[in-house]
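Worksheet: the structure to be examined is printed underneath.
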Amino acid sequence: MSDPPVQKVFAYVTHGGRLLVFRHVLAPEAGIKVPAGTLREGEAPAEGALREAQEETGLLDLRLEASLGTRDYVPPGGARVYRRHFFHLVCPHRPPERWRHDEVFPSEGAPGPIPFEYFWAALPDGVPPLAPGHDALLGALCARMGLAGR
């Protein structure tokens with residue numbers, strides 16, 4: 001019998017026609033990512049996406065717009081399935097162009113705090129290559145926003 005999938009949430013945070021992305025300050029080899037994390041016991045995916053986005057970015061007035069779908073992901077050489085729930089969140093105020101924020105309580109036992117550097121990327125074609133699977137539903141996001149591409 002295999003282990004149940006690890007439940008993850010991914011937040012595509014937008015402001016205008018831009019997507020919020022970040023890099024790990026201390027581990028740039030981790031690639032460019034979108035806010036994401038592990039669901040807590042009993043937590044609904046939509047609640048988890050909003051919580052993770054707020055904790056990781058420091059943006060506290062984000063608005064949940066829509067669920068974009070779910071995808072299963074198995075890392076190369078891995079055996080564990082990660083069930084990834086993707087959501088569209090909107091930043092309703094004018095955010096900084098770039099900023100650093102520390103994730104104080106990282107999931108999966110990693111020591112914290114972890115400094116992240118955030119910046120905005122123009123949708124659809126200005127988004128840099130993302131870490132594996134982080135771009136899984138960018139096409140659905142762009143379609144929902146009425147943007148061509150991806």
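Convention: chains lettered A, B, ... in structure tokens order; per-chain residue numbering from 1; ligands numbered from 1 as shown.
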
Quick check for you: according to DSSP on this backbone, which residues of chain A are classed as helix (DSSP H, G or I)? Reply as a list in words. Pro28, Glu29, Ala30, Pro45, Ala46, Glu47, Gly48, Ala49, Leu50, Arg51, Glu52, Ala53, Gln54, Glu55, Glu56, Thr57, Leu138, Gly139, Ala140, Leu141, Cys142, Ala143, Arg144 and Met145 of chain A

Which one is closest to Leu137 in chain A: A:Ala30, A:Leu60, A:Val90, A:Leu68? Count only C-alpha atoms.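 When distances to Leu137 in chain A are compared using only C-alpha atoms, the smallest one comes from A:Leu68.
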
Neighbouring residues of Arg94 in chain A were defined as those with any atom within 9 Å, considering only C-alpha atoms; residues of the same chain fewer than 3 positions away were excluded. Please report them as a list in words.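 The residues that qualify are His15, Cys91 and Glu97 of chain A.
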
Neighbouring residues of Val34 in chain A were defined as those with any atom within 7 Å, considering only C-alpha atoms; residues of the same chain fewer than 3 positions away were excluded. Please report them as a PyMOL selection string. chain A and resi 10-12+20-22+134

Find the spatial neighbours of Ala46 in chain A, counting only C-alpha atoms, within a cut-off of 9 Å - ignore same-chain residues fewer than 5 positions away - and output them as a list in words.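 My reading of the contact set: Val9, Arg51, Leu64, Ala66, Ser67, His85, Phe86 and Phe87 of chain A.
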
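Across the structure, CA of Arg144 in chain A and CA of Leu59 in chain A are spaced 22.5 Å apart.
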
Which residues in range 61-135 of chain A does DSSP call strand (DSSP E or B)? List them as a CSV table (one decimal) with all heavy atoms, in the first residue's frame.
chain,number,residue,atom,x,y,z
A,63,ARG,N,-6.8,38.6,-2.0
A,63,ARG,CA,-8.2,38.1,-2.2
A,63,ARG,C,-8.1,36.8,-3.0
A,63,ARG,O,-7.5,36.8,-4.1
A,63,ARG,CB,-8.9,39.2,-2.9
A,63,ARG,CG,-10.4,39.0,-3.1
A,63,ARG,CD,-11.1,40.1,-3.7
A,63,ARG,NE,-10.7,40.3,-5.1
A,63,ARG,CZ,-10.2,41.4,-5.6
A,63,ARG,NH1,-10.0,42.5,-4.9
A,63,ARG,NH2,-9.8,41.4,-6.9
A,64,LEU,N,-8.8,35.8,-2.6
A,64,LEU,CA,-8.9,34.6,-3.3
A,64,LEU,C,-9.9,34.8,-4.5
A,64,LEU,O,-11.1,35.2,-4.2
A,64,LEU,CB,-9.4,33.5,-2.4
A,64,LEU,CG,-9.6,32.1,-3.0
A,64,LEU,CD1,-8.2,31.5,-3.4
A,64,LEU,CD2,-10.3,31.1,-2.0
A,65,GLU,N,-9.5,34.5,-5.7
A,65,GLU,CA,-10.3,34.7,-6.8
A,65,GLU,C,-11.0,33.3,-7.3
A,65,GLU,O,-12.1,33.3,-7.6
A,65,GLU,CB,-9.5,35.3,-8.0
A,65,GLU,CG,-9.2,36.7,-7.8
A,65,GLU,CD,-10.5,37.6,-7.9
A,65,GLU,OE1,-11.2,37.5,-9.0
A,65,GLU,OE2,-10.7,38.3,-7.0
A,66,ALA,N,-10.1,32.3,-7.5
A,66,ALA,CA,-10.6,31.1,-8.0
A,66,ALA,C,-9.7,29.9,-7.8
A,66,ALA,O,-8.5,30.1,-7.7
A,66,ALA,CB,-10.9,31.2,-9.5
A,67,SER,N,-10.3,28.7,-7.8
A,67,SER,CA,-9.5,27.5,-7.9
A,67,SER,C,-9.2,27.3,-9.4
A,67,SER,O,-10.1,27.4,-10.2
A,67,SER,CB,-10.3,26.3,-7.3
A,67,SER,OG,-9.6,25.1,-7.6
A,68,LEU,N,-7.9,26.9,-9.7
A,68,LEU,CA,-7.6,26.7,-11.1
A,68,LEU,C,-7.5,25.2,-11.4
A,68,LEU,O,-7.4,24.8,-12.6
A,68,LEU,CB,-6.2,27.4,-11.4
A,68,LEU,CG,-6.2,28.9,-11.3
A,68,LEU,CD1,-4.8,29.4,-11.4
A,68,LEU,CD2,-7.1,29.5,-12.3
A,69,GLY,N,-7.4,24.4,-10.4
A,69,GLY,CA,-7.3,22.9,-10.7
A,69,GLY,C,-6.3,22.2,-9.8
A,69,GLY,O,-5.6,22.9,-9.0
A,70,THR,N,-6.2,20.9,-10.0
A,70,THR,CA,-5.3,20.1,-9.2
A,70,THR,C,-4.4,19.3,-10.1
A,70,THR,O,-4.9,18.7,-11.1
A,70,THR,CB,-6.1,19.2,-8.2
A,70,THR,OG1,-6.9,20.1,-7.4
A,70,THR,CG2,-5.2,18.4,-7.3
A,71,ARG,N,-3.2,19.1,-9.8
A,71,ARG,CA,-2.2,18.3,-10.5
A,71,ARG,C,-1.4,17.4,-9.6
A,71,ARG,O,-1.0,17.9,-8.5
A,71,ARG,CB,-1.3,19.1,-11.4
A,71,ARG,CG,-1.9,19.9,-12.5
A,71,ARG,CD,-2.5,19.0,-13.6
A,71,ARG,NE,-3.1,19.8,-14.7
A,71,ARG,CZ,-4.4,20.2,-14.7
A,71,ARG,NH1,-5.2,20.0,-13.7
A,71,ARG,NH2,-4.8,20.9,-15.7
A,72,ASP,N,-1.2,16.2,-9.9
A,72,ASP,CA,-0.3,15.4,-9.1
A,72,ASP,C,1.2,15.5,-9.7
A,72,ASP,O,1.3,15.6,-10.9
A,72,ASP,CB,-0.7,13.9,-9.2
A,72,ASP,CG,-1.9,13.6,-8.3
A,72,ASP,OD1,-2.3,14.5,-7.5
A,72,ASP,OD2,-2.4,12.5,-8.4
A,73,TYR,N,2.1,15.5,-8.8
A,73,TYR,CA,3.5,15.7,-9.2
A,73,TYR,C,4.4,14.7,-8.4
A,73,TYR,O,4.2,14.5,-7.2
A,73,TYR,CB,4.0,17.1,-8.8
A,73,TYR,CG,5.4,17.4,-9.1
A,73,TYR,CD1,5.9,17.6,-10.4
A,73,TYR,CD2,6.3,17.4,-8.0
A,73,TYR,CE1,7.2,17.8,-10.6
A,73,TYR,CE2,7.7,17.7,-8.3
A,73,TYR,CZ,8.1,17.9,-9.6
A,73,TYR,OH,9.4,18.1,-9.8
A,82,TYR,N,2.8,14.2,-4.7
A,82,TYR,CA,2.4,15.5,-4.2
A,82,TYR,C,1.2,16.0,-5.0
A,82,TYR,O,1.3,16.2,-6.2
A,82,TYR,CB,3.6,16.5,-4.3
A,82,TYR,CG,4.8,16.1,-3.4
A,82,TYR,CD1,5.7,15.3,-3.9
A,82,TYR,CD2,4.9,16.6,-2.1
A,82,TYR,CE1,6.8,14.9,-3.1
A,82,TYR,CE2,5.9,16.3,-1.3
A,82,TYR,CZ,6.9,15.4,-1.8
A,82,TYR,OH,7.9,15.1,-1.0
A,83,ARG,N,0.1,16.1,-4.3
A,83,ARG,CA,-1.1,16.6,-4.9
A,83,ARG,C,-1.2,18.1,-4.8
A,83,ARG,O,-1.3,18.6,-3.7
A,83,ARG,CB,-2.4,15.9,-4.3
A,83,ARG,CG,-3.6,16.4,-4.9
A,83,ARG,CD,-4.7,15.3,-5.0
A,83,ARG,NE,-4.2,14.2,-5.7
A,83,ARG,CZ,-4.6,12.9,-5.4
A,83,ARG,NH1,-5.3,12.7,-4.3
A,83,ARG,NH2,-4.1,11.9,-6.1
A,84,ARG,N,-1.0,18.8,-5.9
A,84,ARG,CA,-0.9,20.3,-5.9
A,84,ARG,C,-2.2,20.9,-6.3
A,84,ARG,O,-2.7,20.7,-7.4
A,84,ARG,CB,0.2,20.7,-6.8
A,84,ARG,CG,1.6,20.2,-6.4
A,84,ARG,CD,2.6,20.5,-7.4
A,84,ARG,NE,4.0,20.4,-6.8
A,84,ARG,CZ,5.1,20.7,-7.5
A,84,ARG,NH1,5.0,21.1,-8.8
A,84,ARG,NH2,6.3,20.6,-6.9
A,85,HIS,N,-2.8,21.8,-5.4
A,85,HIS,CA,-4.0,22.5,-5.6
A,85,HIS,C,-3.6,23.9,-6.0
A,85,HIS,O,-2.9,24.6,-5.2
A,85,HIS,CB,-4.9,22.5,-4.4
A,85,HIS,CG,-5.2,21.1,-3.9
A,85,HIS,ND1,-6.2,20.4,-4.3
A,85,HIS,CD2,-4.5,20.4,-2.9
A,85,HIS,CE1,-6.2,19.2,-3.6
A,85,HIS,NE2,-5.2,19.2,-2.8
A,86,PHE,N,-4.0,24.4,-7.2
A,86,PHE,CA,-3.6,25.7,-7.6
A,86,PHE,C,-4.7,26.7,-7.5
A,86,PHE,O,-5.9,26.4,-7.9
A,86,PHE,CB,-3.1,25.7,-9.1
A,86,PHE,CG,-1.8,24.9,-9.3
A,86,PHE,CD1,-1.8,23.5,-9.3
A,86,PHE,CD2,-0.6,25.6,-9.5
A,86,PHE,CE1,-0.6,22.9,-9.5
A,86,PHE,CE2,0.5,25.0,-9.7
A,86,PHE,CZ,0.6,23.6,-9.7
A,87,PHE,N,-4.4,27.9,-7.1
A,87,PHE,CA,-5.4,29.0,-6.9
A,87,PHE,C,-4.9,30.3,-7.4
A,87,PHE,O,-3.7,30.6,-7.5
A,87,PHE,CB,-5.7,29.2,-5.4
A,87,PHE,CG,-6.4,28.0,-4.8
A,87,PHE,CD1,-5.7,26.9,-4.3
A,87,PHE,CD2,-7.8,28.0,-4.8
A,87,PHE,CE1,-6.4,25.8,-3.7
A,87,PHE,CE2,-8.5,26.9,-4.2
A,87,PHE,CZ,-7.7,25.8,-3.7
A,88,HIS,N,-5.9,31.1,-7.9
A,88,HIS,CA,-5.6,32.5,-8.3
A,88,HIS,C,-6.0,33.4,-7.2
A,88,HIS,O,-7.1,33.4,-6.7
A,88,HIS,CB,-6.4,32.8,-9.6
A,88,HIS,CG,-6.3,34.2,-10.0
A,88,HIS,ND1,-7.2,34.8,-10.9
A,88,HIS,CD2,-5.3,35.1,-9.8
A,88,HIS,CE1,-6.8,36.0,-11.1
A,88,HIS,NE2,-5.6,36.3,-10.5
A,89,LEU,N,-5.0,34.2,-6.7
A,89,LEU,CA,-5.2,35.2,-5.7
A,89,LEU,C,-4.9,36.6,-6.3
A,89,LEU,O,-4.0,36.7,-7.2
A,89,LEU,CB,-4.3,35.0,-4.5
A,89,LEU,CG,-4.8,33.9,-3.5
A,89,LEU,CD1,-4.7,32.5,-4.1
A,89,LEU,CD2,-3.9,34.0,-2.2
A,90,VAL,N,-5.5,37.6,-5.8
A,90,VAL,CA,-5.3,39.0,-6.3
A,90,VAL,C,-4.8,39.9,-5.2
A,90,VAL,O,-5.3,39.8,-4.1
A,90,VAL,CB,-6.6,39.6,-6.9
A,90,VAL,CG1,-6.4,41.0,-7.2
A,90,VAL,CG2,-6.9,38.8,-8.2
A,98,ARG,N,9.7,45.1,-5.8
A,98,ARG,CA,10.6,44.1,-5.3
A,98,ARG,C,10.6,44.2,-3.8
A,98,ARG,O,10.6,45.3,-3.3
A,98,ARG,CB,12.0,44.2,-5.8
A,98,ARG,CG,12.1,44.1,-7.3
A,98,ARG,CD,13.6,44.2,-7.7
A,98,ARG,NE,14.3,42.9,-7.7
A,98,ARG,CZ,14.3,42.0,-8.7
A,98,ARG,NH1,13.6,42.3,-9.8
A,98,ARG,NH2,14.9,40.9,-8.6
A,99,TRP,N,10.8,43.1,-3.1
A,99,TRP,CA,10.9,43.1,-1.6
A,99,TRP,C,11.4,41.8,-1.2
A,99,TRP,O,11.4,40.8,-1.8
A,99,TRP,CB,9.7,43.6,-0.9
A,99,TRP,CG,8.6,42.5,-0.9
A,99,TRP,CD1,8.3,41.7,0.1
A,99,TRP,CD2,7.6,42.3,-1.9
A,99,TRP,NE1,7.2,40.9,-0.1
A,99,TRP,CE2,6.7,41.3,-1.4
A,99,TRP,CE3,7.3,42.8,-3.1
A,99,TRP,CZ2,5.6,40.8,-2.1
A,99,TRP,CZ3,6.2,42.4,-3.8
A,99,TRP,CH2,5.4,41.3,-3.3
A,100,ARG,N,12.0,41.8,0.1
A,100,ARG,CA,12.4,40.6,0.7
A,100,ARG,C,11.4,40.3,1.9
A,100,ARG,O,11.0,41.3,2.6
A,100,ARG,CB,13.8,40.7,1.3
A,100,ARG,CG,14.8,40.5,0.2
A,100,ARG,CD,16.2,40.4,0.8
A,100,ARG,NE,17.2,40.2,-0.3
A,100,ARG,CZ,18.4,39.9,-0.2
A,100,ARG,NH1,18.9,39.6,1.1
A,100,ARG,NH2,19.2,39.7,-1.2
A,101,HIS,N,11.1,39.1,2.1
A,101,HIS,CA,10.3,38.7,3.3
A,101,HIS,C,10.8,37.3,3.7
A,101,HIS,O,11.1,36.5,2.9
A,101,HIS,CB,8.8,38.6,2.9
A,101,HIS,CG,7.9,38.3,4.0
A,101,HIS,ND1,7.6,39.3,4.9
A,101,HIS,CD2,7.3,37.2,4.4
A,101,HIS,CE1,6.8,38.7,5.8
A,101,HIS,NE2,6.6,37.5,5.5
A,102,ASP,N,10.8,37.2,5.1
A,102,ASP,CA,11.3,35.9,5.6
A,102,ASP,C,10.1,35.0,5.9
A,102,ASP,O,9.1,35.5,6.6
A,102,ASP,CB,12.0,36.1,7.0
A,102,ASP,CG,13.4,36.8,6.8
A,102,ASP,OD1,13.8,36.9,5.6
A,102,ASP,OD2,13.9,37.2,7.8
A,103,GLU,N,10.2,33.7,5.5
A,103,GLU,CA,9.2,32.8,5.9
A,103,GLU,C,9.6,32.3,7.3
A,103,GLU,O,10.7,31.6,7.4
A,103,GLU,CB,9.0,31.6,4.9
A,103,GLU,CG,8.0,30.6,5.4
A,103,GLU,CD,7.7,29.5,4.4
A,103,GLU,OE1,8.6,29.2,3.6
A,103,GLU,OE2,6.7,28.8,4.6
A,114,ILE,N,13.5,31.7,6.5
A,114,ILE,CA,14.0,31.6,5.2
A,114,ILE,C,13.8,32.9,4.4
A,114,ILE,O,12.6,33.2,4.2
A,114,ILE,CB,13.4,30.4,4.4
A,114,ILE,CG1,13.7,29.1,5.2
A,114,ILE,CG2,14.0,30.3,3.0
A,114,ILE,CD1,13.0,27.9,4.6
A,115,PRO,N,14.8,33.6,4.0
A,115,PRO,CA,14.6,34.8,3.3
A,115,PRO,C,14.2,34.6,1.8
A,115,PRO,O,14.9,33.8,1.1
A,115,PRO,CB,15.9,35.6,3.4
A,115,PRO,CG,16.9,34.5,3.6
A,115,PRO,CD,16.2,33.4,4.3
A,116,PHE,N,13.2,35.2,1.3
A,116,PHE,CA,12.8,35.2,-0.1
A,116,PHE,C,12.8,36.6,-0.7
A,116,PHE,O,12.6,37.6,0.0
A,116,PHE,CB,11.3,34.7,-0.2
A,116,PHE,CG,11.1,33.3,0.3
A,116,PHE,CD1,9.9,32.9,0.9
A,116,PHE,CD2,12.0,32.3,0.1
A,116,PHE,CE1,9.7,31.7,1.3
A,116,PHE,CE2,11.8,31.0,0.5
A,116,PHE,CZ,10.6,30.7,1.1
A,117,GLU,N,13.2,36.6,-2.0
A,117,GLU,CA,13.2,37.9,-2.7
A,117,GLU,C,12.0,37.8,-3.7
A,117,GLU,O,12.1,37.0,-4.6
A,117,GLU,CB,14.5,38.1,-3.4
A,117,GLU,CG,14.5,39.4,-4.2
A,117,GLU,CD,15.8,39.6,-5.0
A,117,GLU,OE1,16.4,38.6,-5.5
A,117,GLU,OE2,16.2,40.8,-5.1
A,118,TYR,N,11.1,38.7,-3.6
A,118,TYR,CA,9.9,38.7,-4.5
A,118,TYR,C,10.0,39.8,-5.5
A,118,TYR,O,10.6,40.9,-5.3
A,118,TYR,CB,8.6,39.0,-3.6
A,118,TYR,CG,8.3,37.8,-2.8
A,118,TYR,CD1,8.8,37.7,-1.5
A,118,TYR,CD2,7.4,36.9,-3.3
A,118,TYR,CE1,8.5,36.6,-0.7
A,118,TYR,CE2,7.1,35.7,-2.5
A,118,TYR,CZ,7.7,35.6,-1.3
A,118,TYR,OH,7.4,34.5,-0.5
A,119,PHE,N,9.4,39.5,-6.7
A,119,PHE,CA,9.3,40.4,-7.8
A,119,PHE,C,8.1,40.0,-8.7
A,119,PHE,O,7.6,38.9,-8.6
A,119,PHE,CB,10.6,40.5,-8.6
A,119,PHE,CG,11.1,39.2,-9.2
A,119,PHE,CD1,10.9,38.9,-10.5
A,119,PHE,CD2,11.9,38.3,-8.4
A,119,PHE,CE1,11.4,37.7,-11.0
A,119,PHE,CE2,12.3,37.2,-8.9
A,119,PHE,CZ,12.1,36.9,-10.2
A,120,TRP,N,7.7,40.9,-9.5
A,120,TRP,CA,6.6,40.7,-10.4
A,120,TRP,C,7.1,40.4,-11.8
A,120,TRP,O,8.0,41.0,-12.3
A,120,TRP,CB,5.7,42.0,-10.4
A,120,TRP,CG,5.1,42.3,-9.1
A,120,TRP,CD1,5.6,43.1,-8.2
A,120,TRP,CD2,3.9,41.7,-8.5
A,120,TRP,NE1,4.8,43.1,-7.0
A,120,TRP,CE2,3.8,42.2,-7.2
A,120,TRP,CE3,3.0,40.7,-9.0
A,120,TRP,CZ2,2.7,41.9,-6.4
A,120,TRP,CZ3,2.0,40.4,-8.2
A,120,TRP,CH2,1.8,40.9,-6.9
A,121,ALA,N,6.4,39.5,-12.5
A,121,ALA,CA,6.7,39.1,-13.9
A,121,ALA,C,5.4,39.3,-14.8
A,121,ALA,O,4.3,38.9,-14.4
A,121,ALA,CB,7.2,37.7,-13.9
A,122,ALA,N,5.6,40.0,-15.9
A,122,ALA,CA,4.5,40.2,-16.8
A,122,ALA,C,3.9,38.9,-17.4
A,122,ALA,O,4.7,38.1,-17.9
A,122,ALA,CB,4.9,41.2,-17.9
A,130,LEU,N,10.0,28.6,-14.3
A,130,LEU,CA,9.8,28.3,-12.9
A,130,LEU,C,10.3,26.9,-12.5
A,130,LEU,O,10.5,26.1,-13.4
A,130,LEU,CB,8.3,28.4,-12.7
A,130,LEU,CG,7.6,29.8,-12.9
A,130,LEU,CD1,6.1,29.8,-12.7
A,130,LEU,CD2,8.3,30.9,-12.1

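By only C-alpha atoms, and with residues fewer than 2 positions from Pro45 in chain A along its chain excluded, the set lying at most 8 Å from it is Lys8, Val9, Leu39, Glu43, Glu47, Gly48, Ala49 and His85 of chain A.
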
Ranking A:Gly16, A:Pro35, A:Gly78, A:Pro4 by minimum distance to Leu123 in chain A and counting only C-alpha atoms, which one comes first?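 That would be A:Gly16, the residue with the smallest distance to Leu123 in chain A.
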
So what do you get for CA of Gly42 in chain A versus CA of Gln7 in chain A, distance-wise? 10.8 Å

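Compared by their closest atoms to Gly17 in chain A, and using only C-alpha atoms, the residues A:Asp61, A:Asp3, A:Asp135, A:Asp125 rank with A:Asp125 nearest.
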